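A.B. asks: Got a structure here, written out as structure tokens. Questions coming.
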Amino acid sequence: MLKFKVWRFLGVVIFVYILYKIDWPQMTSVLKRINLQWIIIAALINIPHLWLKSTRWQFLLAVQNKTIRNREAFLLYMSSLYLGVVTPGRLGEFAKAIYLRQAGITTISHGFSSVLVDRLFDLYLLFLLAMAGLVFLTPWPGSDAFGWAGFAGAVIVPLIFLFSGRTEQLISLLYKKVLASKLLKFAKEGGEQFGQGMRELMTCRIYRAGLLTLVAWLLFFFQCFLIAKALELPITYMEIILVMAITNIFTFLPISISGLGTREAALCFLLLPRGISLELILAYSMGVLVVFFVAGGLMGAVAWCMRPLGLENLKGSRK
């Protein structure tokens, strides 16, 4: 356990090291030039961004013949964002499944299948864009070959599972590694209900969820572009897409808190060779933190007050 905690704070150590390397008079100069108007607009765009994602989850539930109102879906998505910040182990990801059981819509096991697929859409698109970033940005010699290989793998591996009769094997793997590992007290039928939910979602109808994912992430990257504009960061929208896709992949490493340190390290790795100063990179990273984690977390807290969930139901659940 101690070893885990040490690794968990490695990102903080990296962040402190970057602060040590900062030229503070220059940093002060950068911060004085921030156009707060663009930061505020970027923060407000969190609302349509999360609405698109809540609409996607609502659609996935509809594919499973489950119904949830627009307002409920939106508030739950906002609440889960807040819970993801304030709870250990990203329990916020389970909040929506808990609500489905509390509302009598379905069981947690079945409901979590829609929550997981909703999350997988984000991760899949992000990975594809990150691989494209390795190809076109070439942050290190040979990264283009790595990017092409990763892109090909992301396309081929899912097809192998879907069309080689290994779908059940994939469902079982997801249940054991993603769900059962976190909710150890599930009843035996939990795996069957989760598998049923996953099979219901494996239909060509969910291409619409893919389109909503694409639009939502394009909006996310536009928010990132507005933050760059507020700091007069010399980077285009297309470059923002590739840079932030790679950066977000780095933030999934389990060595940080809310991506602190890993996000800054990735941005430095990608932007310093382009002649962008360390001070400007750090200011941009802090802008990302404020817009998505601080402002987004506050919005989620308001949603939580409007739609609170009893997380004690997560422990010892039997459905």
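Scheme for the structure tokens: letters A, B, ... for chains in order shown; per-chain residue numbers from 1; ligand numbers from 1 in order shown.
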When you look at range 47-54 of chain A with a cut-off of 10 Å (counting only C-alpha atoms), what residues show up, excluding the ones that are within fewer than 3 positions of it in the same chain? I need them as a count of residues only.
C.D. replies: 33
A.B. asks: Extract, using only C-alpha atoms, all DNA, RNA and protein residues at most 8 Å from Val16 in chain A, discarding same-chain residues fewer than 4 positions from it, and format them as a ChimeraX atom specification.
C.D. replies: /A:12,20,261
A.B. asks: Please, could you write that set of residues out with N, CA and C atoms as a PDB file, in the first residue's frame?
C.D. replies:
```pdb
ATOM      1  N   VAL A  12       2.997  14.708  -8.636  1.00  0.00           N
ATOM      2  CA  VAL A  12       3.170  15.922  -7.829  1.00  0.00           C
ATOM      3  C   VAL A  12       4.649  16.298  -7.763  1.00  0.00           C
ATOM      4  N   TYR A  20      10.148  24.525  -9.959  1.00  0.00           N
ATOM      5  CA  TYR A  20      11.505  24.912  -9.586  1.00  0.00           C
ATOM      6  C   TYR A  20      12.263  25.491 -10.792  1.00  0.00           C
ATOM      7  N   GLY A 261       1.104  17.154 -12.966  1.00  0.00           N
ATOM      8  CA  GLY A 261       2.474  16.710 -13.184  1.00  0.00           C
ATOM      9  C   GLY A 261       2.627  15.960 -14.488  1.00  0.00           C
TER      10      GLY A 261
END
```
A.B. asks: Identify, on the basis of only C-alpha atoms, every residue whose closest approach to range 278-284 of chain A does not exceed 8 Å; exclude the query and any residue fewer than 2 positions from it along the same chain; express the result as a PyMOL selection string.
C.D. replies: chain A and resi 22-23+26-27+30-31+227-228+231+233+264+267-268+271-272+276+286-288
A.B. asks: Convert the current residue selection to file output with C-alpha atoms, as a short mmCIF file (atom, residue, chain, number, x, y, z; two decimals), in the first residue's frame.
C.D. replies:
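Done, and the output landed in out_34.cif:
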```
data_model
loop_
_atom_site.label_atom_id
_atom_site.label_comp_id
_atom_site.auth_asym_id
_atom_site.auth_seq_id
_atom_site.Cartn_x
_atom_site.Cartn_y
_atom_site.Cartn_z
CA ILE A 22 10.27 28.35 -13.80
CA ASP A 23 11.51 31.91 -14.35
CA GLN A 26 8.62 35.84 -16.81
CA MET A 27 5.77 33.72 -15.42
CA VAL A 30 2.67 35.70 -18.91
CA LEU A 31 -0.12 35.64 -16.33
CA ILE A 227 -7.43 28.61 -23.41
CA ALA A 228 -4.48 28.82 -25.82
CA LEU A 231 -2.58 33.11 -23.48
CA LEU A 233 -0.12 30.48 -27.41
CA GLU A 264 2.66 19.37 -17.57
CA LEU A 267 2.97 19.35 -22.69
CA CYS A 268 6.62 20.23 -22.10
CA LEU A 271 5.74 22.02 -26.96
CA LEU A 272 9.24 22.90 -25.75
CA ILE A 276 7.28 27.65 -26.64
CA MET A 286 -3.06 25.67 -15.29
CA GLY A 287 -5.73 27.10 -17.61
CA VAL A 288 -6.75 23.54 -18.53
#
```
A.B. asks: When you look at Glu239 in chain A with a cut-off of 9 Å (counting only C-alpha atoms), what residues show up, excluding the ones that are within fewer than 5 positions of it in the same chain? I need them as an MDAnalysis selection string.
C.D. replies: chainID A and resid 133 137 244
A.B. asks: Do you know which residues are at most 12 Å from Phe252 in chain A counting only C-alpha atoms, after dropping those on the same chain fewer than 3 positions away, and could you put them as number ranges by chain?
C.D. replies: A: 8, 11, 90, 123, 126-127, 245-249, 255-263, 266
A.B. asks: Which residue gives the smallest distance to Ala265 in chain A among A:Ile40, A:Leu159, A:Ile108, A:Ile18, with only C-alpha atoms counted?
C.D. replies: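 Checking each of A:Ile40, A:Leu159, A:Ile108, A:Ile18 against Ala265 in chain A, counting only C-alpha atoms, the winner is A:Ile18.
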A.B. asks: I'd like the neighbourhood of Phe136 in chain A as a PyMOL selection string, where a residue qualifies if any of its atoms comes within 9 Å (using only C-alpha atoms), though same-chain residues fewer than 4 positions away should be ignored.
C.D. replies: chain A and resi 131-132+144+147+242
A.B. asks: Identify all residues of range 137-306 of chain A in alpha helix (DSSP H) (DSSP on the backbone) and supply them as a PyMOL selection string.
C.D. replies: chain A and resi 137+143-163+167-174+189-201+207-230+237-251+262-271+278-288+296-306
